[in-house]
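Raw contents of my_file.txt, compact mmCIF, C-alpha atoms:
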```txt
# COMPACT_ATOMS: atom_id res chain seq x y z
CA MET A 1 -2.87 -0.93 9.48
CA ILE A 2 -1.00 -4.12 10.41
CA TYR A 3 -1.65 -7.44 8.66
CA ILE A 4 -1.16 -10.74 10.51
CA LEU A 5 -0.73 -13.92 8.47
CA GLU A 6 -0.75 -16.76 11.03
CA ASP A 7 -2.60 -20.08 10.79
CA ASP A 8 -2.66 -20.78 14.54
CA ASP A 9 -5.98 -19.28 15.66
CA ASN A 10 -4.98 -18.83 19.31
CA ILE A 11 -1.71 -17.05 18.53
CA ARG A 12 -3.31 -14.90 15.82
CA LYS A 13 -6.20 -13.79 18.05
CA LEU A 14 -3.87 -13.02 20.96
CA ILE A 15 -1.58 -10.90 18.76
CA LYS A 16 -4.56 -9.07 17.29
CA TYR A 17 -6.05 -8.39 20.72
CA THR A 18 -2.73 -7.05 22.01
CA LEU A 19 -2.11 -4.80 19.02
CA VAL A 20 -5.64 -3.40 19.03
CA SER A 21 -5.28 -2.64 22.75
CA GLN A 22 -2.12 -0.70 21.87
CA GLY A 23 -3.98 1.44 19.37
CA PHE A 24 -3.08 -0.36 16.14
CA GLU A 25 -5.56 -1.13 13.39
CA VAL A 26 -5.28 -4.82 12.53
CA ASN A 27 -6.49 -7.27 9.90
CA ASP A 28 -5.69 -10.97 10.35
CA PHE A 29 -5.60 -13.98 8.03
CA SER A 30 -5.08 -17.72 8.40
CA LEU A 31 -4.46 -18.42 4.70
CA PRO A 32 -2.05 -16.79 2.22
CA SER A 33 -4.86 -16.58 -0.36
CA GLU A 34 -6.87 -14.38 2.04
CA PHE A 35 -3.80 -12.27 2.67
CA TRP A 36 -3.11 -11.72 -1.06
CA ASN A 37 -6.73 -10.77 -1.73
CA ALA A 38 -6.70 -8.15 1.02
CA LEU A 39 -3.29 -6.86 -0.03
CA ALA A 40 -4.61 -6.08 -3.52
CA ASN A 41 -7.05 -3.58 -1.99
CA CYS A 42 -5.07 -2.12 0.89
CA LYS A 43 -1.34 -1.98 1.58
CA PRO A 44 -0.62 -2.15 5.33
CA GLU A 45 2.08 -0.28 7.24
CA LEU A 46 3.59 -3.59 8.40
CA CYS A 47 3.06 -7.36 8.09
CA LEU A 48 3.55 -10.08 10.69
CA LEU A 49 4.26 -13.28 8.82
CA ASP A 50 4.31 -16.87 10.05
CA ILE A 51 6.62 -19.31 8.24
CA MET A 52 4.80 -22.63 8.43
CA LEU A 53 1.54 -21.99 6.60
CA PRO A 54 -0.91 -23.96 4.45
CA GLU A 55 -1.03 -23.24 0.70
CA GLU A 56 2.50 -21.72 0.62
CA ASP A 57 5.15 -21.18 3.26
CA GLY A 58 5.97 -17.76 4.68
CA ILE A 59 9.40 -17.53 3.06
CA CYS A 60 7.74 -17.94 -0.33
CA VAL A 61 5.24 -15.20 0.57
CA LEU A 62 8.09 -12.95 1.70
CA ARG A 63 10.07 -13.45 -1.50
CA LYS A 64 7.00 -12.62 -3.58
CA LEU A 65 6.52 -9.42 -1.61
CA ARG A 66 10.14 -8.37 -2.06
CA SER A 67 10.04 -9.08 -5.81
CA ASN A 68 7.00 -6.83 -6.30
CA SER A 69 7.89 -3.12 -6.61
CA ARG A 70 4.68 -2.13 -4.81
CA TYR A 71 5.51 -4.15 -1.69
CA SER A 72 9.29 -4.38 -1.83
CA SER A 73 9.77 -1.69 0.85
CA MET A 74 6.89 -2.78 3.08
CA PRO A 75 8.07 -3.72 6.61
CA VAL A 76 7.76 -7.45 7.38
CA ILE A 77 8.44 -9.21 10.68
CA VAL A 78 8.69 -13.00 10.59
CA LEU A 79 7.11 -14.97 13.44
CA THR A 80 8.12 -18.62 13.66
CA ALA A 81 9.00 -21.59 15.82
CA LYS A 82 11.97 -22.30 13.53
CA ASP A 83 14.84 -20.87 15.54
CA SER A 84 18.01 -22.43 14.13
CA GLU A 85 20.73 -20.11 12.86
CA TYR A 86 20.08 -21.37 9.33
CA ASP A 87 16.36 -20.52 9.57
CA VAL A 88 17.08 -17.04 10.94
CA VAL A 89 19.60 -16.31 8.19
CA THR A 90 17.21 -17.65 5.54
CA GLY A 91 14.42 -15.38 6.80
CA LEU A 92 16.62 -12.30 6.94
CA ASP A 93 18.17 -13.01 3.55
CA ALA A 94 14.67 -13.34 2.06
CA GLY A 95 13.99 -9.76 3.17
CA ALA A 96 12.55 -9.89 6.69
CA ASP A 97 13.07 -6.71 8.72
CA ASP A 98 13.05 -8.70 11.96
CA TYR A 99 12.84 -12.38 12.98
CA VAL A 100 10.91 -13.26 16.15
CA THR A 101 10.95 -16.83 17.41
CA LYS A 102 8.08 -18.51 19.26
CA PRO A 103 7.20 -18.42 22.06
CA PHE A 104 7.47 -14.68 22.52
CA GLY A 105 6.02 -12.12 24.90
CA MET A 106 3.30 -9.89 23.50
CA MET A 107 4.75 -6.63 24.79
CA ALA A 108 8.18 -7.59 23.47
CA LEU A 109 6.56 -8.09 20.07
CA VAL A 110 4.91 -4.68 20.29
CA SER A 111 8.33 -3.13 21.01
CA ARG A 112 9.85 -4.87 17.99
CA ILE A 113 6.98 -3.63 15.79
CA LYS A 114 7.41 -0.04 16.98
CA ALA A 115 11.16 -0.25 16.40
CA VAL A 116 10.70 -1.40 12.79
CA LEU A 117 8.08 1.27 12.12
CA ARG A 118 10.40 3.96 13.52
CA ARG A 119 13.15 2.85 11.13
CA TYR A 120 10.82 3.18 8.16
CA GLU A 121 9.47 6.53 9.31
CA LYS A 122 13.01 7.92 9.11
CA SER A 123 13.29 6.90 5.47
CA ASP A 124 12.81 9.66 2.94
CA SER A 125 11.44 7.26 0.36
CA LYS A 126 7.85 7.55 1.58
CA LYS A 127 7.79 11.28 0.90
CA ASP A 128 7.31 10.47 -2.77
CA LEU A 129 4.62 7.83 -2.19
CA LEU A 130 0.87 8.49 -2.19
CA GLU A 131 -1.46 5.60 -1.24
CA ILE A 132 -5.15 6.46 -1.26
CA GLY A 133 -8.25 4.41 -1.99
CA GLY A 134 -6.38 1.43 -3.41
CA ILE A 135 -4.28 3.59 -5.74
CA THR A 136 -0.52 3.89 -5.17
CA LEU A 137 1.43 6.65 -6.91
CA ASP A 138 5.20 6.82 -6.59
CA GLU A 139 6.41 10.22 -7.78
CA SER A 140 10.12 9.34 -7.75
CA GLN A 141 9.62 6.12 -9.74
CA HIS A 142 6.81 7.60 -11.83
CA THR A 143 4.69 4.48 -11.30
CA VAL A 144 1.00 3.97 -10.53
CA PHE A 145 -0.72 0.86 -9.20
CA ALA A 146 -4.47 0.35 -9.13
CA GLY A 147 -4.81 -2.38 -6.53
CA SER A 148 -2.00 -4.81 -7.32
CA LYS A 149 -1.97 -4.02 -11.05
CA GLN A 150 0.44 -1.48 -12.49
CA ILE A 151 -1.16 0.94 -14.93
CA PHE A 152 0.69 3.03 -17.48
CA LEU A 153 -0.19 6.69 -17.83
CA THR A 154 0.91 9.47 -20.12
CA VAL A 155 2.88 12.31 -18.54
CA LYS A 156 -0.20 14.55 -18.35
CA GLU A 157 -2.41 11.76 -16.98
CA PHE A 158 0.20 11.09 -14.29
CA ASP A 159 0.48 14.79 -13.41
CA LEU A 160 -3.30 15.11 -13.29
CA LEU A 161 -3.72 12.10 -10.99
CA HIS A 162 -0.84 13.29 -8.80
CA LEU A 163 -2.42 16.73 -8.38
CA LEU A 164 -5.82 15.25 -7.53
CA MET A 165 -4.37 12.79 -5.00
CA LYS A 166 -2.20 15.45 -3.31
CA ASN A 167 -5.36 17.55 -2.86
CA ARG A 168 -7.59 14.67 -1.73
CA GLY A 169 -11.07 15.85 -0.78
CA ALA A 170 -10.59 19.33 -2.27
CA VAL A 171 -12.53 20.40 -5.35
CA LEU A 172 -10.15 21.46 -8.11
CA THR A 173 -11.68 23.61 -10.84
CA ARG A 174 -10.96 22.98 -14.49
CA GLU A 175 -9.10 26.28 -14.57
CA LYS A 176 -6.91 25.21 -11.64
CA LEU A 177 -6.14 21.90 -13.34
CA LEU A 178 -5.33 23.63 -16.63
CA ASN A 179 -3.05 26.12 -14.89
CA SER A 180 -1.22 23.47 -12.89
CA VAL A 181 -0.92 20.62 -15.40
CA TRP A 182 -1.01 22.30 -18.81
CA GLU A 183 -0.22 25.92 -17.87
CA LEU A 184 -3.29 26.99 -19.80
CA SER A 185 -6.10 29.24 -18.61
CA SER A 186 -8.44 29.68 -21.57
CA GLU A 187 -11.92 28.24 -21.08
CA ILE A 188 -11.75 27.08 -24.71
CA GLU A 189 -9.25 24.46 -23.54
CA SER A 190 -11.31 23.26 -20.57
CA ARG A 191 -12.47 20.12 -22.38
CA THR A 192 -8.80 19.03 -22.41
CA VAL A 193 -9.27 18.27 -18.72
CA ASP A 194 -12.47 16.31 -19.33
CA VAL A 195 -10.87 14.19 -22.06
CA HIS A 196 -7.88 13.32 -19.85
CA ILE A 197 -10.13 12.56 -16.87
CA ARG A 198 -12.12 10.17 -19.05
CA THR A 199 -9.05 8.25 -20.25
CA LEU A 200 -7.60 8.27 -16.73
CA ARG A 201 -10.78 6.73 -15.34
CA GLN A 202 -10.73 4.05 -18.03
CA LYS A 203 -7.20 3.06 -17.04
CA LEU A 204 -8.03 3.03 -13.32
CA GLY A 205 -10.82 0.49 -13.91
CA VAL A 206 -12.80 -0.22 -10.74
CA TYR A 207 -10.90 2.57 -8.99
CA GLU A 208 -12.32 5.23 -11.31
CA LYS A 209 -14.89 6.11 -8.62
CA ASN A 210 -12.08 7.77 -6.64
CA ILE A 211 -12.27 10.67 -9.09
CA GLU A 212 -15.56 12.45 -8.50
CA THR A 213 -17.10 14.96 -10.91
CA ILE A 214 -18.39 18.17 -9.34
CA ARG A 215 -20.86 19.33 -11.95
CA GLY A 216 -20.18 22.77 -13.35
CA VAL A 217 -17.00 23.15 -11.29
CA GLY A 218 -14.34 20.47 -11.72
CA TYR A 219 -13.13 17.29 -10.01
CA LYS A 220 -11.95 15.96 -6.69
CA PHE A 221 -10.23 12.80 -5.46
CA VAL A 222 -12.17 10.96 -2.74
```

Taking this structure as input, can you express it in the form of structure tokens?
Amino acid sequence: MIYILEDDDNIRKLIKYTLVSQGFEVNDFSLPSEFWNALANCKPELCLLDIMLPEEDGICVLRKLRSNSRYSSMPVIVLTAKDSEYDVVTGLDAGADDYVTKPFGMMALVSRIKAVLRRYEKSDSKKDLLEIGGITLDESQHTVFAGSKQIFLTVKEFDLLHLLMKNRGAVLTREKLLNSVWELSSEIESRTVDVHIRTLRQKLGVYEKNIETIRGVGYKFV
């Protein structure tokens, strides 16, 4: 998924059409408020960001992204008519991965996007990151975000959520969860799983529906 934040309708529609024709999934926005609302529910693979925007300028948006641990490593390409050396340096210093000045060719933009994505694919950091259904779990940082809000889990709650997310779509029995998370196998302890699932759902809030109960068997992450 690529997000486009650009207030010029003609440019935004042309970029979207080109990217979709190249096989990318795209969501586009003309206002930063729309962008932030969408970002809370789904983190894209890359953002294309205009500088001169209503509500708040693109550099401000970029700095907010880089100051948020959930989005700090998200690829961002700046698109702008501001092409002075000072503007380019300002954009790059704010955290842009690339700086493309207008006017630009569509296929050249596609090449720049693919180049940035290739750089990020080589990074090992994403191996520790799970992003499913609006929930982001970073194993290396031991952090969990439900939408844009960080939630704080106990060690066992974190391990339980991690196991469920890694096995998305698969039904995990209570015995399997006990063996993997608590290293217990007695059926007497099976309600331990249920209690932790209940508190985990409470902390996930509206995202609790991602954990589905399979009656008489166990749970799965959907």

Legend entry - Residues near stretch 68-77 of chain A, cut-off 8 Å, only C-alpha atoms, skip fewer than 4 positions along chain, as a list of chain:residue names: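 Residues near the query, excluding close chain neighbours: A:Lys43, A:Pro44, A:Glu45, A:Leu46, A:Cys47, A:Leu48, A:Leu49, A:Leu62, A:Lys64, A:Gly95, A:Ala96, A:Asp97, A:Asp98, A:Tyr99, A:Val100, A:Ile113, A:Val116, A:Leu117, A:Tyr120, A:Thr136, A:Phe145, A:Ser148.
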
Legend entry - Selection: 12 Å around A:Lys156, only C-alpha atoms, excl. self and same-chain fewer than 6 positions, as a ChimeraX atom specification: /A:142,162-163,177-178,180-183,192-193,195-197,199-200

Inset, instruction - Take the point (7.3, -19.7, 10.7) as written in the file and pick out every residue within 6 Å of it, counting all atoms listed in the file; give the list as a list in words. - result: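 Here is the list of nearby residues: Asp50, Ile51, Met52, Leu79, Thr80 and Ala81 of chain A.
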
Inset, instruction - Enter the distance from atom CA of A:Met165 to atom CA of A:Met1, in Å, rounded to one decimal. - result: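 Spanning atom CA of A:Met165 to atom CA of A:Met1 is a straight-line distance of 20.0 Å.
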
Legend entry - Distance in Å - atom CA of A:Leu204 versus atom CA of A:Val61: 26.5 Å

Legend entry - Length of the atom CA of A:Phe221 to atom CA of A:Gly205 vector [Å]: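 Here the two named atoms are 14.9 Å from each other.
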
Legend entry - Test item: residues at most 10 Å from A:Val144, only C-alpha atoms, excluding those fewer than 3 positions along its chain, as a ChimeraX atom specification: /A:70,129-131,135-139,141,147-153,158,161-162,204

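Candidate residues A:Ile15, A:Ile2, A:Ala94, A:Arg198 were compared for distance to A:Arg66, and the nearest is A:Ala94, using all atoms listed in the file.
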
Inset, instruction - Show which residues sit within 6 Å of stretch 215-220 of chain A, as a list in words. Count only C-alpha atoms, and ignore same-chain residues fewer than 6 positions away. - result: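 Selected residues are Gly169, Ala170, Val171, Leu172, Thr173 and Arg174 of chain A.
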